file structure-v9.txt (compact mmCIF, C-alpha atoms)
# COMPACT_ATOMS: atom_id res chain seq x y z
CA MET D 567 -44.50 13.95 -364.45
CA THR D 568 -47.53 15.55 -366.12
CA SER D 569 -47.24 18.87 -367.90
CA SER D 570 -49.33 20.63 -365.22
CA THR D 571 -47.16 19.17 -362.45
CA GLY D 572 -44.02 20.22 -364.29
CA GLN D 573 -45.34 23.74 -364.75
CA LEU D 574 -46.14 23.93 -361.02
CA ALA D 575 -42.63 22.71 -360.14
CA GLU D 576 -41.08 25.31 -362.42
CA GLN D 577 -43.33 28.00 -360.98
CA LEU D 578 -42.43 27.12 -357.37
CA SER D 579 -38.72 26.97 -358.15
CA ALA D 580 -38.94 30.47 -359.59
CA THR D 581 -40.68 31.93 -356.52
CA THR D 582 -38.96 33.28 -353.45
CA LEU D 583 -39.24 31.85 -349.95
CA LEU D 584 -40.47 33.86 -346.97
CA ARG D 585 -40.05 32.64 -343.42
CA PHE D 586 -42.45 34.38 -341.07
CA ALA D 587 -43.81 33.96 -337.55
CA THR D 588 -47.02 34.93 -335.83
CA ALA D 589 -47.10 36.31 -332.30
CA GLY D 590 -49.48 38.06 -329.96
CA SER D 591 -51.25 37.80 -326.64
CA VAL D 592 -53.61 35.05 -325.54
CA ASP D 593 -56.82 34.71 -327.61
CA ASP D 594 -55.79 37.38 -330.10
CA GLY D 595 -56.56 34.88 -332.87
CA LYS D 596 -53.15 33.78 -334.16
CA SER D 597 -54.13 30.21 -334.97
CA THR D 598 -57.40 31.40 -336.53
CA LEU D 599 -55.46 33.82 -338.74
CA VAL D 600 -53.10 31.06 -339.83
CA GLY D 601 -56.03 28.73 -340.50
CA ARG D 602 -57.76 31.46 -342.51
CA LEU D 603 -54.59 32.05 -344.54
CA LEU D 604 -54.27 28.35 -345.32
CA HIS D 605 -57.98 27.92 -346.06
CA ASP D 606 -58.54 30.98 -348.22
CA SER D 607 -55.30 30.52 -350.16
CA LYS D 608 -56.46 26.97 -351.04
CA SER D 609 -53.54 25.43 -349.13
CA VAL D 610 -55.60 22.95 -347.10
CA LEU D 611 -56.08 19.37 -348.26
CA THR D 612 -59.63 18.05 -348.41
CA ASP D 613 -59.08 15.42 -345.73
CA GLN D 614 -57.54 18.04 -343.40
CA LEU D 615 -60.56 20.30 -343.81
CA GLU D 616 -62.94 17.39 -343.25
CA ALA D 617 -61.12 16.48 -340.04
CA VAL D 618 -61.39 20.06 -338.80
CA GLU D 619 -65.09 20.19 -339.66
CA HIS D 620 -65.69 16.92 -337.81
CA ALA D 621 -63.76 18.10 -334.73
CA SER D 622 -65.65 21.40 -334.75
CA ARG D 623 -69.04 19.68 -334.94
CA SER D 624 -68.09 17.38 -332.06
CA ARG D 625 -67.45 20.50 -329.99
CA GLY D 626 -70.84 21.95 -330.87
CA GLN D 627 -69.60 24.51 -333.39
CA GLU D 628 -71.56 25.04 -336.59
CA ALA D 629 -68.72 26.59 -338.59
CA PRO D 630 -65.30 24.91 -338.86
CA ASP D 631 -62.78 26.16 -336.30
CA LEU D 632 -59.86 27.06 -338.56
CA ALA D 633 -57.53 27.32 -335.55
CA LEU D 634 -57.52 23.51 -335.45
CA LEU D 635 -55.49 23.52 -338.65
CA THR D 636 -52.47 24.59 -336.60
CA ASP D 637 -53.22 23.51 -333.03
CA GLY D 638 -52.01 19.95 -333.44
CA LEU D 639 -51.33 18.83 -329.87
CA ARG D 640 -54.17 17.23 -327.92
CA ALA D 641 -53.61 19.66 -325.03
CA GLU D 642 -53.85 22.56 -327.46
CA ARG D 643 -57.16 21.36 -328.85
CA GLU D 644 -58.62 20.58 -325.44
CA GLN D 645 -57.64 23.91 -323.91
CA GLY D 646 -58.18 25.99 -327.05
CA ILE D 647 -54.67 27.48 -326.81
CA THR D 648 -51.38 27.20 -328.65
CA ILE D 649 -48.56 25.66 -326.61
CA ASP D 650 -45.82 24.67 -329.04
CA VAL D 651 -44.53 26.31 -332.21
CA ALA D 652 -46.50 24.92 -335.15
CA TYR D 653 -44.67 25.04 -338.47
CA ARG D 654 -46.71 25.08 -341.66
CA TYR D 655 -45.57 25.09 -345.27
CA PHE D 656 -47.68 26.52 -348.08
CA ALA D 657 -47.30 28.31 -351.38
CA THR D 658 -49.07 30.68 -353.72
CA PRO D 659 -48.16 31.37 -357.35
CA ARG D 660 -46.09 34.34 -356.16
CA ARG D 661 -44.16 32.95 -353.18
CA ARG D 662 -43.44 29.96 -350.94
CA PHE D 663 -43.88 30.26 -347.18
CA ILE D 664 -42.59 28.65 -343.99
CA LEU D 665 -44.82 29.80 -341.16
CA ALA D 666 -44.18 29.48 -337.42
CA ASP D 667 -47.35 29.88 -335.34
CA THR D 668 -46.07 30.74 -331.85
CA PRO D 669 -47.89 30.70 -328.49
CA GLY D 670 -49.34 33.77 -326.82
CA HIS D 671 -49.15 32.75 -323.16
CA VAL D 672 -46.41 34.44 -321.16
CA GLN D 673 -44.99 31.10 -320.00
CA TYR D 674 -44.50 30.07 -323.63
CA THR D 675 -42.66 33.22 -324.71
CA ARG D 676 -39.55 31.05 -325.14
CA ASN D 677 -41.31 29.42 -328.09
CA MET D 678 -41.78 32.82 -329.73
CA VAL D 679 -38.01 33.31 -329.54
CA THR D 680 -37.58 29.98 -331.32
CA GLY D 681 -40.09 30.79 -334.05
CA ALA D 682 -38.83 34.31 -334.73
CA SER D 683 -35.11 33.52 -334.64
CA THR D 684 -35.07 32.53 -338.32
CA ALA D 685 -37.98 34.71 -339.49
CA GLU D 686 -37.73 37.58 -341.95
CA LEU D 687 -41.15 38.86 -340.95
CA THR D 688 -43.25 38.70 -337.79
CA VAL D 689 -47.01 39.18 -337.67
CA VAL D 690 -47.97 40.57 -334.26
CA LEU D 691 -51.69 40.25 -333.56
CA VAL D 692 -53.62 42.61 -331.31
CA ASP D 693 -57.23 42.22 -330.19
CA ALA D 694 -58.98 45.42 -331.28
CA ARG D 695 -60.96 45.41 -328.04
CA ASN D 696 -57.87 45.25 -325.81
CA GLY D 697 -55.26 47.21 -327.75
CA VAL D 698 -51.55 47.00 -327.02
CA VAL D 699 -50.88 44.95 -323.86
CA GLU D 700 -47.68 43.89 -322.09
CA GLN D 701 -47.33 40.69 -324.13
CA THR D 702 -47.66 42.74 -327.31
CA ARG D 703 -44.76 44.91 -326.17
CA ARG D 704 -42.76 41.83 -325.20
CA HIS D 705 -43.21 40.30 -328.65
CA ALA D 706 -42.31 43.58 -330.34
CA ALA D 707 -39.16 43.76 -328.20
CA ILE D 708 -38.18 40.20 -329.10
CA ALA D 709 -38.75 40.87 -332.80
CA ALA D 710 -36.53 43.95 -332.55
CA LEU D 711 -33.90 42.11 -330.54
CA LEU D 712 -33.81 39.25 -333.04
CA ARG D 713 -33.39 41.81 -335.87
CA VAL D 714 -36.51 40.67 -337.71
CA PRO D 715 -36.53 43.14 -340.63
CA HIS D 716 -40.31 43.37 -341.17
CA VAL D 717 -43.13 43.54 -338.62
CA VAL D 718 -46.83 43.44 -339.46
CA LEU D 719 -49.33 44.69 -336.87
CA ALA D 720 -52.56 42.79 -337.49
CA VAL D 721 -55.35 44.46 -335.52
CA ASN D 722 -57.72 41.50 -335.26
CA LYS D 723 -61.41 41.14 -334.35
CA MET D 724 -62.34 44.41 -336.03
CA ASP D 725 -65.84 42.91 -336.45
CA LEU D 726 -66.26 43.13 -332.67
CA VAL D 727 -65.62 46.90 -332.65
CA GLU D 728 -67.94 47.55 -335.60
CA TYR D 729 -64.98 47.99 -337.97
CA ALA D 730 -64.30 51.42 -336.45
CA GLU D 731 -61.38 53.22 -338.08
CA PRO D 732 -60.53 55.34 -334.96
CA VAL D 733 -59.99 52.14 -332.92
CA PHE D 734 -57.56 50.80 -335.52
CA ALA D 735 -55.78 54.16 -335.90
CA ALA D 736 -55.18 54.55 -332.16
CA ILE D 737 -53.76 51.02 -331.79
CA ALA D 738 -51.60 51.38 -334.89
CA GLU D 739 -50.15 54.68 -333.68
CA GLU D 740 -49.35 53.33 -330.19
CA PHE D 741 -47.70 50.17 -331.50
CA THR D 742 -45.78 51.91 -334.27
CA THR D 743 -44.36 54.47 -331.85
CA TYR D 744 -43.28 51.75 -329.46
CA ALA D 745 -41.77 49.44 -332.10
CA ALA D 746 -39.99 52.32 -333.83
CA SER D 747 -38.36 53.27 -330.52
CA LEU D 748 -36.96 49.72 -330.42
CA GLY D 749 -35.42 50.16 -333.85
CA VAL D 750 -37.82 48.00 -335.86
CA PRO D 751 -37.03 49.11 -339.43
CA GLU D 752 -40.43 48.53 -341.05
CA ILE D 753 -43.93 48.33 -339.54
CA THR D 754 -47.10 47.71 -341.53
CA ALA D 755 -50.50 47.93 -339.79
CA ILE D 756 -53.47 46.01 -341.24
CA PRO D 757 -57.03 45.88 -339.78
CA ILE D 758 -58.45 42.34 -340.04
CA SER D 759 -61.04 39.88 -338.85
CA ALA D 760 -59.47 36.43 -339.01
CA LEU D 761 -62.78 34.76 -338.14
CA ALA D 762 -64.74 36.54 -340.88
CA GLY D 763 -61.86 36.70 -343.35
CA ASP D 764 -61.68 40.49 -343.63
CA ASN D 765 -58.36 41.67 -345.15
CA VAL D 766 -56.67 38.30 -344.64
CA VAL D 767 -56.67 37.00 -348.20
CA GLU D 768 -59.50 39.03 -349.72
CA PRO D 769 -60.08 42.79 -349.22
CA SER D 770 -62.80 43.65 -346.73
CA ALA D 771 -66.07 45.19 -347.86
CA ASN D 772 -66.62 46.34 -344.27
CA MET D 773 -63.55 48.62 -344.10
CA ASP D 774 -63.62 50.75 -347.22
CA TRP D 775 -61.65 53.37 -345.29
CA TYR D 776 -58.57 51.10 -345.46
CA GLY D 777 -56.67 51.22 -348.72
CA GLY D 778 -53.63 49.11 -347.89
CA PRO D 779 -52.77 45.48 -348.73
CA THR D 780 -54.35 42.37 -347.25
CA VAL D 781 -52.17 40.18 -345.06
CA LEU D 782 -51.48 37.69 -347.87
CA GLU D 783 -50.81 40.44 -350.40
CA HIS D 784 -48.24 41.98 -348.08
CA LEU D 785 -46.65 38.58 -347.41
CA GLU D 786 -46.40 37.98 -351.15
CA THR D 787 -44.84 41.35 -351.97
CA VAL D 788 -42.65 42.30 -349.01
CA PRO D 789 -38.98 42.50 -350.10
CA VAL D 790 -37.01 39.48 -348.91
CA SER D 791 -33.25 39.20 -349.05
CA HIS D 792 -31.87 35.69 -348.59
CA ASP D 793 -28.56 36.51 -350.23
CA LEU D 794 -26.01 35.88 -347.49
CA THR D 795 -23.30 35.13 -350.02
CA GLY D 796 -21.94 38.65 -349.71
CA CYS D 797 -21.69 38.47 -345.91
CA HIS D 798 -18.65 37.52 -343.83
CA ALA D 799 -17.82 33.93 -344.87
CA ARG D 800 -18.10 31.51 -341.95
CA LEU D 801 -17.92 27.70 -341.78
CA PRO D 802 -18.45 26.16 -338.32
CA VAL D 803 -16.78 22.75 -338.40
CA GLN D 804 -19.27 20.05 -337.47
CA TYR D 805 -17.25 16.92 -338.22
CA VAL D 806 -13.74 15.96 -339.28
CA ILE D 807 -13.81 13.30 -342.01
CA ARG D 808 -10.87 10.89 -342.07
CA PRO D 809 -11.79 7.64 -343.89
CA GLN D 810 -8.25 6.19 -343.67
CA THR D 811 -9.11 3.66 -346.35
CA ALA D 812 -6.99 2.25 -349.15
CA GLU D 813 -8.83 4.51 -351.58
CA HIS D 814 -8.47 7.63 -349.40
CA PRO D 815 -5.46 7.04 -347.11
CA ASP D 816 -4.65 10.71 -346.51
CA TYR D 817 -8.08 12.31 -346.88
CA ARG D 818 -8.82 14.89 -344.17
CA GLY D 819 -11.92 17.02 -344.69
CA TYR D 820 -13.72 19.51 -342.48
CA ALA D 821 -17.48 19.21 -342.88
CA GLY D 822 -20.19 21.66 -341.93
CA GLN D 823 -22.89 23.99 -343.21
CA ILE D 824 -21.69 27.36 -344.46
CA ALA D 825 -23.30 29.88 -342.12
CA ALA D 826 -22.70 32.88 -344.38
CA GLY D 827 -20.62 34.01 -347.32
CA THR D 828 -18.73 32.15 -350.03
CA PHE D 829 -15.62 29.94 -350.04
CA ARG D 830 -13.39 29.35 -353.06
CA VAL D 831 -10.58 26.94 -353.87
CA GLY D 832 -7.25 28.71 -353.51
CA GLU D 833 -8.53 31.15 -350.89
CA GLU D 834 -6.43 31.73 -347.78
CA VAL D 835 -8.36 30.91 -344.63
CA THR D 836 -7.83 31.05 -340.88
CA VAL D 837 -8.99 28.49 -338.33
CA LEU D 838 -10.37 30.01 -335.14
CA PRO D 839 -9.78 30.18 -332.26
CA SER D 840 -6.26 28.80 -332.87
CA GLY D 841 -5.43 31.39 -335.56
CA ARG D 842 -3.66 28.87 -337.80
CA THR D 843 -3.78 29.68 -341.52
CA SER D 844 -3.91 27.58 -344.67
CA THR D 845 -5.37 27.57 -348.17
CA VAL D 846 -8.54 25.89 -349.43
CA ALA D 847 -7.21 23.00 -351.51
CA GLY D 848 -10.60 21.55 -352.44
CA ILE D 849 -14.33 21.70 -351.78
CA ASP D 850 -16.53 18.59 -351.84
CA LEU D 851 -20.26 19.12 -352.32
CA LEU D 852 -22.67 16.17 -352.54
CA GLY D 853 -19.85 13.85 -353.57
CA GLU D 854 -18.53 16.17 -356.26
CA SER D 855 -15.56 18.53 -356.31
CA VAL D 856 -16.48 22.19 -356.86
CA ASP D 857 -14.49 25.41 -357.07
CA VAL D 858 -16.98 27.61 -355.19
CA ALA D 859 -19.52 26.99 -352.40
CA TRP D 860 -21.84 29.36 -350.58
CA THR D 861 -24.39 29.53 -347.78
CA PRO D 862 -26.43 27.52 -346.86
CA GLN D 863 -24.70 24.61 -348.59
CA SER D 864 -23.28 21.76 -346.52
CA VAL D 865 -19.76 21.09 -347.73
CA THR D 866 -16.42 19.53 -346.87
CA LEU D 867 -13.36 21.78 -347.07
CA LEU D 868 -9.91 20.34 -347.72
CA LEU D 869 -6.93 22.46 -346.64
CA ALA D 870 -3.50 22.53 -348.21
CA ASP D 871 -1.71 22.24 -344.85
CA ASP D 872 -2.03 19.66 -342.10
CA VAL D 873 -3.40 21.96 -339.41
CA ASP D 874 -5.17 20.99 -336.21
CA VAL D 875 -8.90 21.47 -336.81
CA SER D 876 -11.69 19.90 -334.76
CA ARG D 877 -15.44 20.17 -334.20
CA GLY D 878 -16.37 23.63 -332.96
CA ASP D 879 -13.63 25.46 -334.82
CA LEU D 880 -14.59 28.22 -337.24
CA ILE D 881 -13.03 28.51 -340.70
CA VAL D 882 -13.02 32.07 -342.07
CA PRO D 883 -11.23 34.06 -344.78
CA SER D 884 -7.91 35.30 -343.43
CA GLY D 885 -8.71 38.87 -344.40
CA ASP D 886 -12.11 38.84 -342.72
CA ALA D 887 -11.66 37.09 -339.40
CA PRO D 888 -13.67 38.11 -336.31
CA ALA D 889 -11.80 38.82 -333.11
CA THR D 890 -11.70 36.02 -330.54
CA THR D 891 -12.58 36.78 -326.96
CA GLN D 892 -13.35 35.17 -323.61
CA ASP D 893 -15.46 38.14 -322.50
CA VAL D 894 -18.91 38.16 -324.07
CA GLU D 895 -21.34 41.06 -323.73
CA ALA D 896 -24.81 40.30 -325.00
CA THR D 897 -28.53 40.77 -324.62
CA VAL D 898 -30.36 37.59 -323.67
CA CYS D 899 -33.95 36.40 -323.57
CA HIS D 900 -34.28 34.16 -320.54
CA VAL D 901 -36.44 31.15 -321.41
CA ALA D 902 -36.03 28.72 -318.49
CA ASP D 903 -38.19 28.36 -315.40
CA GLN D 904 -35.16 28.57 -313.11
CA PRO D 905 -33.49 32.01 -312.87
CA LEU D 906 -30.14 33.04 -314.33
CA ALA D 907 -27.99 34.56 -311.58
CA VAL D 908 -24.67 36.36 -311.27
CA GLY D 909 -21.89 33.86 -310.60
CA GLN D 910 -23.79 30.97 -312.17
CA ARG D 911 -21.92 28.30 -314.10
CA VAL D 912 -23.30 27.68 -317.57
CA LEU D 913 -22.39 26.15 -320.90
CA LEU D 914 -22.29 28.51 -323.87
CA LYS D 915 -23.15 26.94 -327.24
CA HIS D 916 -22.06 28.97 -330.25
CA THR D 917 -22.60 27.31 -333.65
CA THR D 918 -20.98 23.87 -333.21
CA ARG D 919 -18.79 24.86 -330.25
CA THR D 920 -19.77 24.45 -326.59
CA VAL D 921 -17.60 25.89 -323.81
CA LYS D 922 -17.82 26.37 -320.04
CA ALA D 923 -18.67 29.88 -318.89
CA ILE D 924 -19.61 31.97 -315.88
CA VAL D 925 -22.17 34.76 -315.69
CA LYS D 926 -19.97 37.57 -314.36
CA GLU D 927 -22.48 40.43 -314.43
CA ILE D 928 -26.12 41.19 -315.18
CA PRO D 929 -25.91 44.96 -315.61
CA SER D 930 -29.60 45.53 -316.31
CA ARG D 931 -33.02 44.12 -317.07
CA LEU D 932 -35.29 45.71 -319.65
CA THR D 933 -38.60 47.14 -318.41
CA LEU D 934 -41.06 46.64 -321.27
CA ASP D 935 -43.54 49.36 -320.29
CA ASP D 936 -41.22 52.30 -320.87
CA LEU D 937 -38.07 50.58 -322.24
CA SER D 938 -36.07 51.73 -319.22
CA GLN D 939 -33.24 49.68 -317.78
CA HIS D 940 -33.61 48.26 -314.27
CA PRO D 941 -30.00 48.30 -313.03
CA SER D 942 -28.27 45.36 -311.34
CA PRO D 943 -31.22 42.99 -310.98
CA GLY D 944 -28.92 40.20 -309.75
CA GLN D 945 -30.80 37.61 -311.77
CA LEU D 946 -33.12 37.14 -314.74
CA VAL D 947 -36.29 35.07 -314.49
CA ALA D 948 -38.45 33.47 -317.18
CA ASN D 949 -39.25 35.82 -320.09
CA ASP D 950 -36.91 38.57 -318.85
CA ILE D 951 -34.75 40.41 -321.38
CA GLY D 952 -31.49 41.72 -320.01
CA LEU D 953 -27.85 42.57 -320.56
CA VAL D 954 -25.26 40.03 -319.41
CA LYS D 955 -21.49 39.78 -319.27
CA ILE D 956 -20.06 36.30 -319.54
CA ARG D 957 -16.54 34.94 -319.13
CA THR D 958 -15.79 31.78 -321.12
CA ALA D 959 -13.17 29.14 -320.40
CA GLU D 960 -11.96 29.18 -324.02
CA PRO D 961 -11.84 31.91 -326.67
CA LEU D 962 -14.83 32.29 -328.97
CA ALA D 963 -15.02 33.82 -332.46
CA LEU D 964 -18.26 35.74 -332.12
CA ASP D 965 -19.64 38.14 -334.70
CA SER D 966 -21.96 40.94 -333.69
CA TYR D 967 -25.56 39.76 -334.00
CA ALA D 968 -26.26 42.91 -336.02
CA ASP D 969 -23.80 41.60 -338.63
CA SER D 970 -24.77 37.93 -338.56
CA ARG D 971 -27.80 36.30 -336.98
CA ARG D 972 -26.12 32.88 -337.37
CA THR D 973 -22.67 33.50 -335.89
CA GLY D 974 -23.71 36.33 -333.56
CA SER D 975 -26.14 34.20 -331.56
CA PHE D 976 -25.64 31.61 -328.84
CA LEU D 977 -27.42 29.58 -326.17
CA LEU D 978 -26.77 29.40 -322.45
CA ILE D 979 -27.30 25.87 -321.12
CA ASP D 980 -27.54 24.41 -317.63
CA PRO D 981 -24.53 22.05 -317.32
CA ALA D 982 -26.37 19.86 -314.81
CA ASP D 983 -29.31 18.76 -316.96
CA GLY D 984 -28.89 20.33 -320.40
CA THR D 985 -31.80 22.75 -320.02
CA THR D 986 -31.65 25.78 -322.30
CA LEU D 987 -31.51 28.82 -320.04
CA ALA D 988 -31.31 31.77 -322.41
CA ALA D 989 -30.92 32.79 -326.04
CA GLY D 990 -28.19 35.38 -326.50
CA MET D 991 -27.40 38.02 -329.11
CA ALA D 992 -23.84 39.31 -329.02
CA GLY D 993 -22.95 42.96 -329.35
CA ASP D 994 -25.14 46.02 -329.42
CA SER D 995 -28.92 45.77 -329.20
CA PHE D 996 -31.74 48.26 -328.90
CA ALA D 997 -31.01 48.40 -325.15
CA THR D 998 -28.94 51.28 -323.83
CA ALA D 999 -25.75 50.67 -321.96
CA ALA D 1000 -26.37 50.24 -318.26
CA GLU D 1001 -24.22 51.23 -315.34
CA ALA D 1002 -21.65 48.53 -314.78
CA VAL D 1003 -21.63 46.53 -311.58
CA ARG D 1004 -18.61 45.26 -309.73
CA PRO D 1005 -17.52 41.80 -310.96
CA VAL D 1006 -18.43 38.96 -308.65
CA GLU D 1007 -15.64 36.54 -307.79
CA ASP D 1008 -16.48 32.86 -308.13
CA GLU D 1009 -15.53 30.71 -305.15
CA ASP D 1010 -15.96 27.28 -306.70
CA GLY D 1011 -13.07 27.08 -309.11
CA TRP D 1012 -14.82 28.36 -312.26
CA ASP D 1013 -13.21 31.80 -312.18
CA PHE D 1014 -11.76 32.31 -315.65
call {"tool": "encode", "arguments": {"input": "structure-v9.txt", "output": "structure tokens"}}
result
Amino acid sequence: MTSSTGQLAEQLSATTLLRFATAGSVDDGKSTLVGRLLHDSKSVLTDQLEAVEHASRSRGQEAPDLALLTDGLRAEREQGITIDVAYRYFATPRRRFILADTPGHVQYTRNMVTGASTAELTVVLVDARNGVVEQTRRHAAIAALLRVPHVVLAVNKMDLVEYAEPVFAAIAEEFTTYAASLGVPEITAIPISALAGDNVVEPSANMDWYGGPTVLEHLETVPVSHDLTGCHARLPVQYVIRPQTAEHPDYRGYAGQIAAGTFRVGEEVTVLPSGRTSTVAGIDLLGESVDVAWTPQSVTLLLADDVDVSRGDLIVPSGDAPATTQDVEATVCHVADQPLAVGQRVLLKHTTRTVKAIVKEIPSRLTLDDLSQHPSPGQLVANDIGLVKIRTAEPLALDSYADSRRTGSFLLIDPADGTTLAAGMAGDSFATAAEAVRPVEDEDGWDF
């Protein structure tokens, strides 16, 4: 390793990591913004840039189309749209980044849920000519629902409105008012032109009335807290290790990735949903025994007692155990083409545990225009956000999503073909409580 390479490795190891997602309506310029970020921050390899320049020339474009740096699927390039979530990894001297470029089309909103579910920041783009549209409100609602702590409003294509400050100010005020009503904790508005490079990496000479940070400057300096070690300790059991060899005849370990918190040897723990208790007798990490392990390490816990533990169980500190329940109340983003209806049989996947369940009620559906609740819709269709009440066949140890994004979230799955129907967030959300509807009895034997 050369000295320069070693210095770079040390520099990157000392920087923090920011996961962020881009969102916005169709043709707002998300992929162009991402391409501009990569290009102007010198994060594009020479052969990648040459390929983009060649593809742009073949399409009759004089300047390179930076959107091609992220639109990797053939269908995306041919149609000039983003279909799938495109993940990109880049770094500056101040911070490392994992970026999820998500689609803008309504039918691909499900992909935005995927990209934002692990993000600490979401960049919502708005075309300065169109202002805040329904898809903008939908993406703001999803960011709020997923508890993304930081939202950046990037008012793009300012060059097409002659860099007019009143246009930017009106859009920023409308969006900020809307997002704040959803409970988004921090909103930063930045006027940009992704195509021309204004306020993306370098400050714009065309908008001297704006004195805030560029997009990259904000991404590099926004406070990021990855420290989940102080949260409620949770280990979803993924696999039970029993070698039963001559060297390890009695070895029984419970392997999984720590979702949050810290585990220590000697600590009293409880296995959920059974409620059995024991003590951590050992922790194996990468083939070595350690006294302490924390999120997001993948470890194997050894317990002092021979208790019944299997895949899907949750190991937690005995003094900090969540309540188990078969009645789940949550807000869901419906992502499937087929609707989700009252009385429908589903599978509920929470961490490593999957159980049968029935949708007992859909009290309300969120109306994005005015954030009102449409009561008793009967079903949710693609891209709807609504409240649901679910009855599971077996008890679940669910945290509130507000307390833990990892152990407070779940998926609803079609048991017939494995299609993901909805992404759920347990507990309170920005939505107000709706008038309850009368429970619907199931006639097919799935009434729990």
call {"tool": "atom_distance", "arguments": {"input": "structure-v9.txt", "atom1": "CA of Gln910 (chain D)", "atom2": "CA of Ser966 (chain D)"}}
result
23.8 Å
call {"tool": "residues_around", "arguments": {"input": "structure-v9.txt", "residues": "Ala666 (chain D)", "least_positions_apart": "5", "cutoff": "12 Å", "atoms": "all atoms listed in the file", "output": "number ranges by chain"}}
result
D: 584-589, 596-597, 600, 636-637, 648, 650-656, 677-689
call {"tool": "write_last_selection", "arguments": {"input": "structure-v9.txt", "atoms": "C-alpha atoms", "output": "JSON list (two decimals), keeping the file's coordinate frame"}}
result
[["chain", "number", "residue", "atom", "x", "y", "z"],
["D", 584, "LEU", "CA", -40.47, 33.86, -346.97],
["D", 585, "ARG", "CA", -40.05, 32.64, -343.42],
["D", 586, "PHE", "CA", -42.45, 34.38, -341.07],
["D", 587, "ALA", "CA", -43.81, 33.96, -337.55],
["D", 588, "THR", "CA", -47.02, 34.93, -335.83],
["D", 589, "ALA", "CA", -47.10, 36.31, -332.30],
["D", 596, "LYS", "CA", -53.15, 33.78, -334.16],
["D", 597, "SER", "CA", -54.13, 30.21, -334.97],
["D", 600, "VAL", "CA", -53.10, 31.06, -339.83],
["D", 636, "THR", "CA", -52.47, 24.59, -336.60],
["D", 637, "ASP", "CA", -53.22, 23.51, -333.03],
["D", 648, "THR", "CA", -51.38, 27.20, -328.65],
["D", 650, "ASP", "CA", -45.82, 24.67, -329.04],
["D", 651, "VAL", "CA", -44.53, 26.31, -332.21],
["D", 652, "ALA", "CA", -46.50, 24.92, -335.15],
["D", 653, "TYR", "CA", -44.67, 25.04, -338.47],
["D", 654, "ARG", "CA", -46.71, 25.08, -341.66],
["D", 655, "TYR", "CA", -45.57, 25.09, -345.27],
["D", 656, "PHE", "CA", -47.68, 26.52, -348.08],
["D", 677, "ASN", "CA", -41.31, 29.42, -328.09],
["D", 678, "MET", "CA", -41.78, 32.82, -329.73],
["D", 679, "VAL", "CA", -38.01, 33.31, -329.54],
["D", 680, "THR", "CA", -37.58, 29.98, -331.32],
["D", 681, "GLY", "CA", -40.09, 30.79, -334.05],
["D", 682, "ALA", "CA", -38.83, 34.31, -334.73],
["D", 683, "SER", "CA", -35.11, 33.52, -334.64],
["D", 684, "THR", "CA", -35.07, 32.53, -338.32],
["D", 685, "ALA", "CA", -37.98, 34.71, -339.49],
["D", 686, "GLU", "CA", -37.73, 37.58, -341.95],
["D", 687, "LEU", "CA", -41.15, 38.86, -340.95],
["D", 688, "THR", "CA", -43.25, 38.70, -337.79],
["D", 689, "VAL", "CA", -47.01, 39.18, -337.67]]
call {"tool": "closest_atom_pairs", "arguments": {"input": "structure-v9.txt", "of": "region 791-850 of chain D", "to": "region 854-862 of chain D", "cutoff": "6 Å", "atoms": "all atoms listed in the file", "output": "CSV"}}
result
residue,atom,partner,partner_atom,distance
D:Thr795,CA,D:Trp860,CA,6.0
D:Ile824,CA,D:Thr861,CA,4.8
D:Ala825,CA,D:Thr861,CA,5.8
D:Ala826,CA,D:Thr861,CA,5.1
D:Gly827,CA,D:Trp860,CA,5.8
D:Thr828,CA,D:Trp860,CA,4.2
D:Phe829,CA,D:Ala859,CA,5.4
D:Arg830,CA,D:Val858,CA,4.5
D:Val831,CA,D:Asp857,CA,5.3
D:Ile849,CA,D:Val856,CA,5.5
D:Asp850,CA,D:Ser855,CA,4.6
call {"tool": "write_last_selection", "arguments": {"input": "structure-v9.txt", "atoms": "C-alpha atoms", "output": "tab-separated table (two decimals), in the coordinates of the input"}}
result
chain	number	residue	atom	x	y	z
D	795	THR	CA	-23.30	35.13	-350.02
D	824	ILE	CA	-21.69	27.36	-344.46
D	825	ALA	CA	-23.30	29.88	-342.12
D	826	ALA	CA	-22.70	32.88	-344.38
D	827	GLY	CA	-20.62	34.01	-347.32
D	828	THR	CA	-18.73	32.15	-350.03
D	829	PHE	CA	-15.62	29.94	-350.04
D	830	ARG	CA	-13.39	29.35	-353.06
D	831	VAL	CA	-10.58	26.94	-353.87
D	849	ILE	CA	-14.33	21.70	-351.78
D	850	ASP	CA	-16.53	18.59	-351.84
call {"tool": "residues_around", "arguments": {"input": "structure-v9.txt", "residues": "Val875 (chain D)", "least_positions_apart": "2", "cutoff": "10 Å", "atoms": "all atoms listed in the file", "output": "ChimeraX atom specification"}}
result
/D:803,805-806,818-820,837-840,842,872-873,877-881
call {"tool": "residues_near_point", "arguments": {"input": "structure-v9.txt", "point": "(-53.9, 47.3, -331.2)", "cutoff": "9 Å", "atoms": "only C-alpha atoms", "output": "count of residues only"}}
result
23
call {"tool": "closest_residue", "arguments": {"input": "structure-v9.txt", "among": "D:Gly885, D:Pro941, D:Gly848, D:Gly952", "to": "His900 (chain D)", "atoms": "only C-alpha atoms"}}
result
D:Gly952
call {"tool": "closest_residue", "arguments": {"input": "structure-v9.txt", "among": "D:Ala746, D:Ala755, D:Val882, D:Ala709", "to": "His798 (chain D)", "atoms": "all atoms listed in the file"}}
result
D:Val882
call {"tool": "atom_distance", "arguments": {"input": "structure-v9.txt", "atom1": "CA of Ile753 (chain D)", "atom2": "CA of His784 (chain D)"}}
result
11.5 Å
